[in-house]
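J.: The structure is given below, and queries will be raised subsequently.
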Amino acid sequence: MNATEALLFAVIQGISELFPVSSLGHGVLIPDWLHWSINRTHPDFLPFMVMLHLGTAAALLIYFRRDWTDLIGGWLKAGGRASNPHARLMWLVIAGTIPAGLLGLLLEKQLRALFTSATAVLVFLALNGLMLLWGDRLKKKTASHELSELSFAGAIKIGAGQALALLPGFSRSGATLVAGLAHGLDYASSARFSFLLATPIITAAGVLEIPKLAHHGSGAPQWGLLLACGAVSGLCAYASTWFLMRYFKKTEIESLRPFGFYCLLVGLVGLLVKLV
């Protein structure tokens with residue numbers, strides 16, 4: 001990618017990583033539609049994606065810094081027991097993170113190798129839209145609960161929903177939001193838990209790849225551009241989180257509907273264009 005494309009890709013990544021619309025799906029479709037000179041097998045693409053993930057992780061850590069301070073502090077104060085609300089929530093996050101982490105390690109390469117075509121992305125994006133619309137219907141049928149009332153079994157099931165994001169077109173945040181609603185959480189609590197769950201997964205995705213950057217050494221070109229892209233992705237991710245947390249607090253009726261219709265429309269129209 002040239003510098004302009006790289007910076008635009010960072011904007012797309014930063015926004016779509018947290019909006020329930022699939023960052024991986026948009027990362028495949030938009031470059032394809034705009035005929036960008038993107039080469040995912042090029043050695044420079046790895047450090048590029050690492051920087052974007054680290055930028056997004058930094059944004060989440062900064063936005064939820066008080067939450068993480070309280071969670072870790074409460075967990076340490078309780079000696080690792082779930083004897084206070086913060087320690088219990090910390091264990092809920094840990095319980096929800098484990099299934100997605102294990103499934104990601106086992107299946108990520110295989111699934112992404114199978115489903116990298118634009119057609120597959122469009123199908124999964126349309127299905128993601130249906131999932132979000134279904135989530136709104138679930139919300140009407142379930143009573144609203146606070147995050148403190150979530151069970152450990154529920155946290156594990158919500159966390160497992162993140163594995164859907166391994167299919168390009170399905171959204172990690174969308175899957176966890178819908179799973180949270182299915183377990184009786186309100187929109188704001190479901191969004192908060194979704195972003196808390198996303199933080200260790202996205203951070204790990206970036207940090208675990210850092211040792212591989214050593215293979216690029218000082219010969220990797222345009223490190224200044226890579227850092228700039230990471231910063232842009234982080235700023236966009238922070239703005240997205242700020243917007244979504246306020247949106248879900250204020251919109252308690254069919255909050256996922258706009259995102260669901262958007263994904264369904266893009267998926268179906270894209271498939272029709274391909275058929276024509």
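Ordering of the structure tokens sets the chain letters (A, B, ...), residue numbers begin anew at 1 in every chain, and ligands are numbered from 1 in the order given.
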Using only C-alpha atoms, which protein or nucleic acid residues come within 8 Å of Leu71 of chain A? Drop anything in the same chain fewer than 3 positions from it, and give the result as an mmCIF file with all heavy atoms, in the first residue's frame.
T.:
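Result file follows (part17.cif):
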```cif
data_model
loop_
_atom_site.group_PDB
_atom_site.id
_atom_site.type_symbol
_atom_site.label_atom_id
_atom_site.label_comp_id
_atom_site.auth_asym_id
_atom_site.auth_seq_id
_atom_site.Cartn_x
_atom_site.Cartn_y
_atom_site.Cartn_z
ATOM 1 N N ASP A 67 -11.673 1.375 34.848
ATOM 2 C CA ASP A 67 -12.242 0.037 35.018
ATOM 3 C C ASP A 67 -11.141 -0.977 35.301
ATOM 4 O O ASP A 67 -11.263 -1.787 36.235
ATOM 5 C CB ASP A 67 -12.993 -0.384 33.751
ATOM 6 C CG ASP A 67 -14.274 0.395 33.545
ATOM 7 O OD1 ASP A 67 -14.192 1.569 33.124
ATOM 8 O OD2 ASP A 67 -15.345 -0.145 33.815
ATOM 9 N N TRP A 68 -10.071 -0.926 34.480
ATOM 10 C CA TRP A 68 -8.994 -1.900 34.663
ATOM 11 C C TRP A 68 -8.253 -1.689 35.987
ATOM 12 O O TRP A 68 -7.850 -2.651 36.640
ATOM 13 C CB TRP A 68 -8.016 -1.847 33.487
ATOM 14 C CG TRP A 68 -8.574 -2.484 32.259
ATOM 15 C CD1 TRP A 68 -8.969 -1.877 31.102
ATOM 16 C CD2 TRP A 68 -8.839 -3.884 32.072
ATOM 17 N NE1 TRP A 68 -9.454 -2.798 30.204
ATOM 18 C CE2 TRP A 68 -9.387 -4.036 30.772
ATOM 19 C CE3 TRP A 68 -8.666 -5.006 32.873
ATOM 20 C CZ2 TRP A 68 -9.748 -5.287 30.262
ATOM 21 C CZ3 TRP A 68 -9.040 -6.252 32.369
ATOM 22 C CH2 TRP A 68 -9.574 -6.377 31.077
ATOM 23 N N GLY A 74 -9.151 -4.611 42.756
ATOM 24 C CA GLY A 74 -10.100 -5.424 43.514
ATOM 25 C C GLY A 74 -9.710 -6.883 43.537
ATOM 26 O O GLY A 74 -9.859 -7.563 44.560
ATOM 27 N N TRP A 75 -9.170 -7.362 42.422
ATOM 28 C CA TRP A 75 -8.742 -8.759 42.338
ATOM 29 C C TRP A 75 -7.562 -9.027 43.264
ATOM 30 O O TRP A 75 -7.530 -10.036 43.972
ATOM 31 C CB TRP A 75 -8.384 -9.067 40.892
ATOM 32 C CG TRP A 75 -8.110 -10.506 40.604
ATOM 33 C CD1 TRP A 75 -9.040 -11.500 40.411
ATOM 34 C CD2 TRP A 75 -6.829 -11.132 40.466
ATOM 35 N NE1 TRP A 75 -8.416 -12.704 40.154
ATOM 36 C CE2 TRP A 75 -7.049 -12.510 40.192
ATOM 37 C CE3 TRP A 75 -5.520 -10.672 40.544
ATOM 38 C CZ2 TRP A 75 -6.012 -13.410 39.989
ATOM 39 C CZ3 TRP A 75 -4.482 -11.577 40.349
ATOM 40 C CH2 TRP A 75 -4.723 -12.912 40.069
ATOM 41 N N HIS A 86 -15.481 -5.949 42.055
ATOM 42 C CA HIS A 86 -14.435 -5.758 41.048
ATOM 43 C C HIS A 86 -13.688 -7.066 40.773
ATOM 44 O O HIS A 86 -13.378 -7.378 39.621
ATOM 45 C CB HIS A 86 -13.450 -4.681 41.511
ATOM 46 C CG HIS A 86 -14.056 -3.318 41.593
ATOM 47 N ND1 HIS A 86 -14.755 -2.754 40.554
ATOM 48 C CD2 HIS A 86 -14.054 -2.392 42.600
ATOM 49 C CE1 HIS A 86 -15.167 -1.534 40.902
ATOM 50 N NE2 HIS A 86 -14.757 -1.306 42.141
ATOM 51 N N ALA A 87 -13.398 -7.819 41.843
ATOM 52 C CA ALA A 87 -12.710 -9.100 41.662
ATOM 53 C C ALA A 87 -13.592 -10.075 40.890
ATOM 54 O O ALA A 87 -13.106 -10.828 40.031
ATOM 55 C CB ALA A 87 -12.332 -9.692 43.014
ATOM 56 N N LEU A 89 -15.933 -9.308 38.684
ATOM 57 C CA LEU A 89 -15.978 -8.899 37.279
ATOM 58 C C LEU A 89 -14.676 -9.256 36.571
ATOM 59 O O LEU A 89 -14.679 -9.650 35.400
ATOM 60 C CB LEU A 89 -16.248 -7.394 37.177
ATOM 61 C CG LEU A 89 -16.341 -6.821 35.756
ATOM 62 C CD1 LEU A 89 -17.351 -7.583 34.910
ATOM 63 C CD2 LEU A 89 -16.698 -5.332 35.815
ATOM 64 N N MET A 90 -13.559 -9.144 37.305
ATOM 65 C CA MET A 90 -12.274 -9.533 36.718
ATOM 66 C C MET A 90 -12.295 -11.007 36.335
ATOM 67 O O MET A 90 -11.828 -11.388 35.248
ATOM 68 C CB MET A 90 -11.150 -9.264 37.718
ATOM 69 C CG MET A 90 -9.757 -9.543 37.162
ATOM 70 S SD MET A 90 -9.318 -8.370 35.860
ATOM 71 C CE MET A 90 -7.658 -8.939 35.463
#
```
J.: Extract, using only C-alpha atoms, all DNA, RNA and protein residues at most 8 Å from Gly230 of chain A, discarding same-chain residues fewer than 4 positions from it, and format them as a list of chain:residue names.
T.: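 The filter keeps A:Ala10, A:Phe48, A:Met51, A:Leu52, A:His53, A:Leu54, A:Gly55, A:Thr56, A:Leu226, A:Gly234.
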J.: Could you name the residues that touch Glu17 of chain A at 9 Å or less, counting only C-alpha atoms, but leaving out those on the same chain fewer than 3 positions away, as a ChimeraX atom specification?
T.: /A:12-14,20-24,56,171-173,237,240
J.: For Arg257 of chain A, find every residue with an atom within 7 Å (counting only C-alpha atoms), except residues of its own chain fewer than 4 positions away, and show them as a ChimeraX atom specification.
T.: /A:132-133,136,261
J.: For the residues selected in the previous step, produce a file with N, CA, C and O atoms as a CSV table (one decimal), in the first residue's frame.
T.:
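Writing done, so here's out-v1.csv:
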```
chain,number,residue,atom,x,y,z
A,132,LEU,N,-27.4,-9.3,14.3
A,132,LEU,CA,-27.6,-8.0,15.0
A,132,LEU,C,-29.1,-7.7,15.2
A,132,LEU,O,-29.6,-7.3,16.2
A,133,LEU,N,-29.9,-7.9,14.1
A,133,LEU,CA,-31.3,-7.7,14.1
A,133,LEU,C,-32.0,-8.7,15.1
A,133,LEU,O,-32.9,-8.4,15.8
A,136,ASP,N,-31.6,-7.6,18.7
A,136,ASP,CA,-32.6,-6.6,19.1
A,136,ASP,C,-34.0,-7.3,19.5
A,136,ASP,O,-34.6,-6.9,20.5
A,261,PHE,N,-29.0,-3.4,9.7
A,261,PHE,CA,-29.5,-3.1,8.4
A,261,PHE,C,-28.3,-2.7,7.5
A,261,PHE,O,-28.3,-3.0,6.3
```
J.: Please identify all polymer residues within 10 Å of Met1 of chain A, counting only C-alpha atoms, omitting same-chain residues fewer than 5 positions from it, and present them as a PyMOL selection string.
T.: chain A and resi 6-7+9+31+36-40+42+44-45
J.: Can you work out which one of A:Val273, A:Met245, A:Val121, A:Leu181 has the shortest atom-to-atom distance to Leu60 of chain A, counting only C-alpha atoms?
T.: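 Looking only at the distances to Leu60 of chain A, the closest residue turns out to be A:Met245.
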